$ cat coords_34.cif   # mmCIF, C-alpha atoms and all ligand atoms
data_model
loop_
_atom_site.group_PDB
_atom_site.id
_atom_site.type_symbol
_atom_site.label_atom_id
_atom_site.label_comp_id
_atom_site.auth_asym_id
_atom_site.auth_seq_id
_atom_site.Cartn_x
_atom_site.Cartn_y
_atom_site.Cartn_z
ATOM 1 C CA MET M 1 -78.442 -102.622 -108.049
ATOM 2 C CA GLU M 2 -75.614 -100.388 -109.291
ATOM 3 C CA ARG M 3 -76.723 -97.059 -110.720
ATOM 4 C CA PHE M 4 -74.112 -95.406 -112.914
ATOM 5 C CA SER M 5 -73.542 -91.670 -112.625
ATOM 6 C CA GLN M 6 -70.269 -91.385 -114.580
ATOM 7 C CA LEU M 7 -70.430 -91.925 -118.343
ATOM 8 C CA ASN M 8 -66.863 -93.252 -118.587
ATOM 9 C CA GLN M 9 -67.524 -95.822 -115.857
ATOM 10 C CA LEU M 10 -70.746 -96.842 -117.560
ATOM 11 C CA LEU M 11 -68.968 -97.303 -120.896
ATOM 12 C CA ALA M 12 -66.308 -99.494 -119.271
ATOM 13 C CA HIS M 13 -69.087 -101.535 -117.630
ATOM 14 C CA ILE M 14 -70.902 -101.996 -120.958
ATOM 15 C CA TRP M 15 -67.811 -103.314 -122.751
ATOM 16 C CA SER M 16 -66.890 -105.543 -119.843
ATOM 17 C CA GLU M 17 -70.380 -107.121 -119.868
ATOM 18 C CA VAL M 18 -70.401 -107.555 -123.645
ATOM 19 C CA GLU M 19 -66.950 -109.158 -123.508
ATOM 20 C CA GLN M 20 -68.207 -111.524 -120.839
ATOM 21 C CA GLY M 21 -71.167 -112.364 -123.063
ATOM 22 C CA GLY M 22 -68.756 -113.347 -125.820
ATOM 23 C CA ARG M 23 -66.867 -115.697 -123.478
ATOM 24 C CA GLU M 24 -69.585 -117.330 -121.377
ATOM 25 C CA PRO M 25 -72.350 -119.547 -122.735
ATOM 26 C CA GLY M 26 -75.373 -118.895 -120.499
ATOM 27 C CA HIS M 27 -74.553 -115.215 -119.993
ATOM 28 C CA PRO M 28 -77.589 -113.109 -120.973
ATOM 29 C CA TYR M 29 -75.472 -111.393 -123.619
ATOM 30 C CA ASN M 30 -74.234 -114.640 -125.197
ATOM 31 C CA THR M 31 -77.204 -114.926 -127.582
ATOM 32 C CA PRO M 32 -78.150 -111.412 -128.669
ATOM 33 C CA THR M 33 -80.346 -110.339 -131.544
ATOM 34 C CA PHE M 34 -78.539 -109.258 -134.690
ATOM 35 C CA GLY M 35 -80.393 -106.926 -137.020
ATOM 36 C CA THR M 36 -79.915 -106.174 -140.692
ATOM 37 C CA VAL M 37 -81.995 -104.258 -143.206
ATOM 38 C CA SER M 38 -83.874 -106.103 -145.921
ATOM 39 C CA SER M 39 -86.105 -104.858 -148.729
ATOM 40 C CA ARG M 40 -89.059 -105.928 -146.533
ATOM 41 C CA GLY M 41 -87.904 -104.001 -143.435
ATOM 42 C CA ALA M 42 -85.895 -104.878 -140.338
ATOM 43 C CA SER M 43 -84.528 -108.416 -140.354
ATOM 44 C CA LEU M 44 -83.787 -109.876 -136.902
ATOM 45 C CA ARG M 45 -82.373 -113.148 -135.645
ATOM 46 C CA THR M 46 -80.623 -114.675 -132.627
ATOM 47 C CA VAL M 47 -76.915 -115.400 -132.996
ATOM 48 C CA VAL M 48 -74.172 -116.676 -130.700
ATOM 49 C CA LEU M 49 -71.764 -113.894 -129.826
ATOM 50 C CA ARG M 50 -68.396 -115.579 -130.403
ATOM 51 C CA ARG M 51 -65.775 -112.942 -129.838
ATOM 52 C CA VAL M 52 -65.602 -109.385 -128.552
ATOM 53 C CA ASP M 53 -62.669 -106.997 -128.671
ATOM 54 C CA ALA M 54 -63.535 -103.901 -126.653
ATOM 55 C CA LYS M 55 -60.401 -102.031 -127.720
ATOM 56 C CA ALA M 56 -61.185 -102.545 -131.393
ATOM 57 C CA ARG M 57 -64.939 -102.156 -130.682
ATOM 58 C CA SER M 58 -65.579 -105.346 -132.649
ATOM 59 C CA LEU M 59 -68.160 -108.094 -132.227
ATOM 60 C CA LEU M 60 -68.046 -111.323 -134.157
ATOM 61 C CA PHE M 61 -70.322 -114.252 -134.949
ATOM 62 C CA HIS M 62 -70.273 -117.215 -137.360
ATOM 63 C CA SER M 63 -72.711 -117.910 -140.119
ATOM 64 C CA ASP M 64 -73.365 -119.808 -143.319
ATOM 65 C CA CYS M 65 -72.092 -117.727 -146.236
ATOM 66 C CA ARG M 66 -75.249 -118.659 -148.188
ATOM 67 C CA ALA M 67 -77.603 -117.250 -145.494
ATOM 68 C CA GLN M 68 -80.027 -114.426 -146.175
ATOM 69 C CA LYS M 69 -78.352 -112.142 -143.609
ATOM 70 C CA ILE M 70 -75.113 -112.290 -145.643
ATOM 71 C CA LYS M 71 -76.929 -111.058 -148.756
ATOM 72 C CA GLU M 72 -78.535 -108.306 -146.691
ATOM 73 C CA ILE M 73 -75.161 -107.168 -145.331
ATOM 74 C CA GLN M 74 -73.710 -107.170 -148.847
ATOM 75 C CA HIS M 75 -76.501 -104.797 -149.793
ATOM 76 C CA GLN M 76 -76.407 -102.627 -146.629
ATOM 77 C CA ASN M 77 -73.688 -103.099 -144.041
ATOM 78 C CA ARG M 78 -75.185 -100.868 -141.310
ATOM 79 C CA VAL M 79 -76.286 -103.357 -138.624
ATOM 80 C CA THR M 80 -77.628 -103.346 -135.064
ATOM 81 C CA TRP M 81 -77.111 -105.673 -132.115
ATOM 82 C CA HIS M 82 -79.699 -105.905 -129.333
ATOM 83 C CA PHE M 83 -78.945 -107.231 -125.837
ATOM 84 C CA TRP M 84 -81.281 -107.531 -122.850
ATOM 85 C CA ASP M 85 -80.275 -108.705 -119.382
ATOM 86 C CA SER M 86 -83.441 -109.391 -117.380
ATOM 87 C CA ASN M 87 -81.398 -109.691 -114.143
ATOM 88 C CA SER M 88 -79.652 -106.328 -114.297
ATOM 89 C CA LYS M 89 -82.550 -104.809 -116.282
ATOM 90 C CA GLN M 90 -80.156 -103.300 -118.784
ATOM 91 C CA GLN M 91 -80.755 -103.033 -122.528
ATOM 92 C CA LEU M 92 -78.006 -102.373 -125.023
ATOM 93 C CA ARG M 93 -78.268 -101.442 -128.667
ATOM 94 C CA LEU M 94 -74.975 -101.457 -130.518
ATOM 95 C CA MET M 95 -74.825 -100.057 -134.048
ATOM 96 C CA GLY M 96 -72.042 -100.252 -136.581
ATOM 97 C CA GLU M 97 -70.736 -101.538 -139.896
ATOM 98 C CA ALA M 98 -70.388 -105.215 -140.640
ATOM 99 C CA ASP M 99 -67.668 -106.798 -142.727
ATOM 100 C CA LEU M 100 -67.745 -110.319 -144.108
ATOM 101 C CA HIS M 101 -64.942 -112.857 -144.035
ATOM 102 C CA PHE M 102 -65.117 -116.019 -146.132
ATOM 103 C CA ASP M 103 -61.729 -117.111 -147.386
ATOM 104 C CA ASP M 104 -59.283 -114.898 -145.557
ATOM 105 C CA GLU M 105 -56.957 -114.976 -142.575
ATOM 106 C CA LEU M 106 -59.631 -114.101 -140.002
ATOM 107 C CA ALA M 107 -62.094 -116.730 -141.256
ATOM 108 C CA ASN M 108 -59.323 -119.357 -141.346
ATOM 109 C CA GLU M 109 -58.166 -118.503 -137.842
ATOM 110 C CA VAL M 110 -61.706 -118.593 -136.402
ATOM 111 C CA TRP M 111 -62.429 -121.898 -138.179
ATOM 112 C CA GLN M 112 -59.207 -123.446 -136.890
ATOM 113 C CA SER M 113 -59.838 -122.335 -133.318
ATOM 114 C CA SER M 114 -63.503 -123.442 -133.165
ATOM 115 C CA HIS M 115 -64.722 -126.755 -131.822
ATOM 116 C CA PRO M 116 -65.845 -129.163 -134.576
ATOM 117 C CA LYS M 117 -69.217 -129.499 -132.812
ATOM 118 C CA SER M 118 -69.960 -125.833 -133.458
ATOM 119 C CA LEU M 119 -68.908 -126.175 -137.115
ATOM 120 C CA LYS M 120 -70.964 -129.207 -138.107
ATOM 121 C CA ILE M 121 -73.903 -126.995 -139.114
ATOM 122 C CA TYR M 122 -71.848 -125.880 -142.110
ATOM 123 C CA VAL M 123 -71.652 -129.426 -143.484
ATOM 124 C CA LYS M 124 -74.921 -128.764 -145.272
ATOM 125 C CA PRO M 125 -74.920 -129.500 -149.009
ATOM 126 C CA THR M 126 -78.264 -127.771 -149.560
ATOM 127 C CA ALA M 127 -78.230 -124.046 -148.879
ATOM 128 C CA PRO M 128 -80.187 -122.467 -146.005
ATOM 129 C CA ASN M 129 -83.619 -121.146 -147.118
ATOM 130 C CA THR M 130 -84.096 -123.944 -149.678
ATOM 131 C CA LYS M 131 -87.702 -125.225 -149.504
ATOM 132 C CA VAL M 132 -88.033 -128.941 -148.613
ATOM 133 C CA ASP M 133 -91.000 -131.324 -148.453
ATOM 134 C CA GLN M 134 -90.534 -132.331 -144.792
ATOM 135 C CA PRO M 135 -88.819 -130.959 -141.657
ATOM 136 C CA ARG M 136 -85.106 -131.705 -141.819
ATOM 137 C CA SER M 137 -81.801 -130.144 -140.848
ATOM 138 C CA GLY M 138 -80.084 -130.505 -144.213
ATOM 139 C CA LEU M 139 -76.959 -131.735 -142.418
ATOM 140 C CA SER M 140 -74.900 -134.320 -144.185
ATOM 141 C CA GLU M 141 -75.161 -137.841 -142.680
ATOM 142 C CA GLN M 142 -71.427 -137.798 -142.061
ATOM 143 C CA VAL M 143 -71.966 -135.319 -139.201
ATOM 144 C CA GLU M 144 -75.624 -135.693 -138.214
ATOM 145 C CA SER M 145 -75.283 -138.301 -135.463
ATOM 146 C CA VAL M 146 -71.547 -138.685 -135.141
ATOM 147 C CA ARG M 147 -69.325 -137.703 -132.213
ATOM 148 C CA LEU M 148 -67.129 -134.947 -133.545
ATOM 149 C CA SER M 149 -63.703 -134.347 -132.126
ATOM 150 C CA GLU M 150 -61.563 -133.323 -135.082
ATOM 151 C CA LEU M 151 -61.743 -130.507 -137.612
ATOM 152 C CA ALA M 152 -61.090 -133.005 -140.411
ATOM 153 C CA GLN M 153 -64.565 -134.467 -139.766
ATOM 154 C CA VAL M 154 -66.207 -131.166 -140.700
ATOM 155 C CA ALA M 155 -63.706 -130.028 -143.361
ATOM 156 C CA SER M 156 -66.282 -130.023 -146.159
ATOM 157 C CA GLY M 157 -68.202 -127.321 -144.285
ATOM 158 C CA ARG M 158 -65.356 -124.837 -144.525
ATOM 159 C CA GLU M 159 -66.507 -123.484 -147.894
ATOM 160 C CA ASN M 160 -69.888 -122.551 -146.373
ATOM 161 C CA PHE M 161 -68.424 -120.836 -143.333
ATOM 162 C CA ALA M 162 -68.409 -117.080 -142.822
ATOM 163 C CA VAL M 163 -67.333 -114.779 -140.051
ATOM 164 C CA VAL M 164 -69.352 -111.610 -139.612
ATOM 165 C CA ARG M 165 -67.545 -108.868 -137.752
ATOM 166 C CA THR M 166 -69.104 -105.580 -136.695
ATOM 167 C CA LEU M 167 -67.155 -102.433 -135.911
ATOM 168 C CA ILE M 168 -69.310 -100.585 -133.398
ATOM 169 C CA ASP M 169 -69.657 -96.818 -133.711
ATOM 170 C CA GLU M 170 -72.719 -96.157 -131.560
ATOM 171 C CA ILE M 171 -74.176 -97.505 -128.306
ATOM 172 C CA ASP M 172 -77.582 -96.806 -126.793
ATOM 173 C CA PHE M 173 -77.888 -97.944 -123.171
ATOM 174 C CA LEU M 174 -81.075 -98.108 -121.069
ATOM 175 C CA HIS M 175 -81.282 -99.109 -117.427
ATOM 176 C CA LEU M 176 -84.645 -99.831 -115.782
ATOM 177 C CA HIS M 177 -83.630 -98.956 -112.250
ATOM 178 C CA PRO M 178 -85.798 -98.969 -109.076
ATOM 179 C CA GLU M 179 -84.541 -95.455 -108.254
ATOM 180 C CA GLY M 180 -85.380 -94.189 -111.741
ATOM 181 C CA ASN M 181 -84.776 -95.256 -115.287
ATOM 182 C CA TYR M 182 -81.925 -93.621 -117.155
ATOM 183 C CA ARG M 183 -80.336 -93.805 -120.572
ATOM 184 C CA ALA M 184 -77.027 -92.973 -122.201
ATOM 185 C CA SER M 185 -75.641 -92.600 -125.684
ATOM 186 C CA PHE M 186 -72.085 -93.079 -126.960
ATOM 187 C CA VAL M 187 -71.167 -92.126 -130.511
ATOM 188 C CA TRP M 188 -67.690 -92.522 -131.989
ATOM 189 C CA THR M 189 -66.534 -89.890 -134.465
ATOM 190 C CA PRO M 190 -63.065 -89.292 -135.937
ATOM 191 C CA GLN M 191 -62.584 -86.823 -133.036
ATOM 192 C CA GLY M 192 -63.337 -89.418 -130.362
ATOM 193 C CA VAL M 193 -66.355 -90.623 -128.412
ATOM 194 C CA GLU M 194 -69.303 -88.312 -127.712
ATOM 195 C CA SER M 195 -71.043 -89.443 -124.515
ATOM 196 C CA SER M 196 -74.320 -88.120 -123.166
ATOM 197 C CA TRP M 197 -77.192 -88.936 -120.861
ATOM 198 C CA MET M 198 -80.622 -88.971 -122.462
ATOM 199 C CA ILE M 199 -84.206 -89.085 -121.310
ATOM 200 C CA PRO M 200 -85.321 -92.716 -121.675
HETATM 201 C C1 LIG M 301 -79.926 -119.702 -129.790
HETATM 202 C C2 LIG M 301 -79.696 -119.488 -131.261
HETATM 203 C C3 LIG M 301 -78.428 -119.209 -131.700
HETATM 204 C C4 LIG M 301 -78.180 -119.010 -133.059
HETATM 205 N N1 LIG M 301 -76.911 -118.694 -133.466
HETATM 206 C C5 LIG M 301 -76.668 -118.421 -134.766
HETATM 207 C C6 LIG M 301 -75.383 -117.983 -135.187
HETATM 208 O O1 LIG M 301 -74.444 -117.835 -134.393
HETATM 209 N N2 LIG M 301 -75.214 -117.722 -136.514
HETATM 210 C C7 LIG M 301 -76.227 -117.849 -137.415
HETATM 211 O O2 LIG M 301 -76.006 -117.577 -138.592
HETATM 212 N N3 LIG M 301 -77.454 -118.253 -137.045
HETATM 213 C C8 LIG M 301 -77.717 -118.527 -135.736
HETATM 214 N N4 LIG M 301 -78.967 -118.909 -135.343
HETATM 215 C C9 LIG M 301 -80.023 -119.058 -136.353
HETATM 216 C C10 LIG M 301 -80.577 -117.668 -136.724
HETATM 217 O O3 LIG M 301 -81.319 -117.118 -135.648
HETATM 218 C C11 LIG M 301 -81.431 -117.708 -137.988
HETATM 219 O O4 LIG M 301 -82.562 -118.526 -137.791
HETATM 220 C C12 LIG M 301 -80.663 -118.233 -139.196
HETATM 221 O O5 LIG M 301 -79.314 -117.817 -139.154
HETATM 222 C C13 LIG M 301 -81.287 -117.746 -140.504
HETATM 223 O O6 LIG M 301 -81.261 -116.339 -140.519
HETATM 224 P P1 LIG M 301 -81.222 -115.482 -141.891
HETATM 225 O O7 LIG M 301 -82.181 -116.150 -142.835
HETATM 226 O O8 LIG M 301 -81.661 -114.123 -141.498
HETATM 227 O O9 LIG M 301 -79.821 -115.518 -142.403
HETATM 228 C C14 LIG M 301 -79.240 -119.106 -133.983
HETATM 229 C C15 LIG M 301 -80.521 -119.378 -133.524
HETATM 230 C C16 LIG M 301 -80.742 -119.563 -132.188
HETATM 231 C C17 LIG M 301 -82.151 -119.867 -131.733
#
$ encode --input "coords_34.cif" --output "structure tokens" --more "lines below"
Ligand SMILES: Cc1cc2nc3c(=O)[nH]c(=O)nc-3n(C[C@H](O)[C@H](O)[C@H](O)COP(=O)(O)O)c2cc1C
Amino acid sequence: MERFSQLNQLLAHIWSEVEQGGREPGHPYNTPTFGTVSSRGASLRTVVLRRVDAKARSLLFHSDCRAQKIKEIQHQNRVTWHFWDSNSKQQLRLMGEADLHFDDELANEVWQSSHPKSLKIYVKPTAPNTKVDQPRSGLSEQVESVRLSELAQVASGRENFAVVRTLIDEIDFLHLHPEGNYRASFVWTPQGVESSWMIP
């Protein structure tokens, strides 16, 4: 198992793995935990990592604009991502500021380039979190059990669609390694990135 001893090589490895997670369903980093702050404490949930731009330090996922996490971000946009790869035994915590995109160029572009199957969950007339008297998805019948191949079939979901983008400014890395655990921190400031090893 690789054991990193150069901070710059480790940082390149981290971004490469996170980028891979954003491209490959089944990669351990494809379904990370996304954390916001609510009035009741930390608020955590699994999301699908949809797009990563290492150069821009941005991570992106899709959501319903009526979801609780959107309200939480509107209140406090400091967020945390958590990744764990049980094969490589590496944990990542990525912190940054989230911005929300509903009816703008980025949201339109992501909607247009997504597969209709991944967008059908937005064809949901009743908002997420609404209490109901029996277990049900809330999806409209027009998409529930239909083969979807065209965006036009999910067009009514567009108004509920949001893109959440995070600009990362801090990374905490931990490696459980047979030759000894080790940990590193990367913090971006206007002067550049401050990298350091830390005791785990
Ligand atoms: C494997 C998996 C992937 C998920 N992906 C997303 C996602 O990409 N976006 C999203 O908003 N919710 C996703 N969810 C649902 C969230 O975990 C969560 O239950 C839902 O968004 C409500 O969260 P909230 O009330 O904090 O907004 C996913 C759940 C699972 C189990």
$ residues_near_point --input "coords_34.cif" --point "(-60.7, -116.6, -148.3)" --cutoff "12 Å" --atoms "only C-alpha atoms" --output "list in words"
Cys65, Leu100, His101, Phe102, Asp103, Asp104, Glu105, Leu106, Ala107, Asn108, Glu109, Trp111, Arg158, Glu159, Asn160, Phe161, Ala162 and Val163 of chain M
$ atom_distance --input "coords_34.cif" --atom1 "CA of Met1 in chain M" --atom2 "CA of Pro200 in chain M"
18.2 Å
$ resolve_selection --input "coords_34.cif" --expression "the PyMOL selection byres (((chain M and resi 166) around 7) and not hetatm)" --output "VMD selection string"
chain M and resid 58 to 60 96 to 99 164 to 165 167 to 168
$ closest_residue --input "coords_34.cif" --among "M:Arg66, M:Leu10, M:Arg23, M:Val18" --to "ligand LIG 301 (chain M)" --atoms "all atoms listed in the file"
M:Arg66
$ atom_distance --input "coords_34.cif" --atom1 "CA of Asp64 in chain M" --atom2 "CA of Trp15 in chain M"
26.9 Å
$ closest_residue --input "coords_34.cif" --among "M:Asn30, M:Gln76, M:Ser156, M:Ser195" --to "ligand LIG 301 (chain M)" --atoms "only C-alpha atoms and all ligand atoms"
M:Asn30
$ residues_near_ligand --input "coords_34.cif" --ligand "ligand LIG 301 (chain M)" --cutoff "6 Å" --atoms "all atoms listed in the file" --output "JSON, numbers by chain"
{"M": [31, 45, 46, 47, 48, 61, 62, 63, 64, 67, 68, 69]}
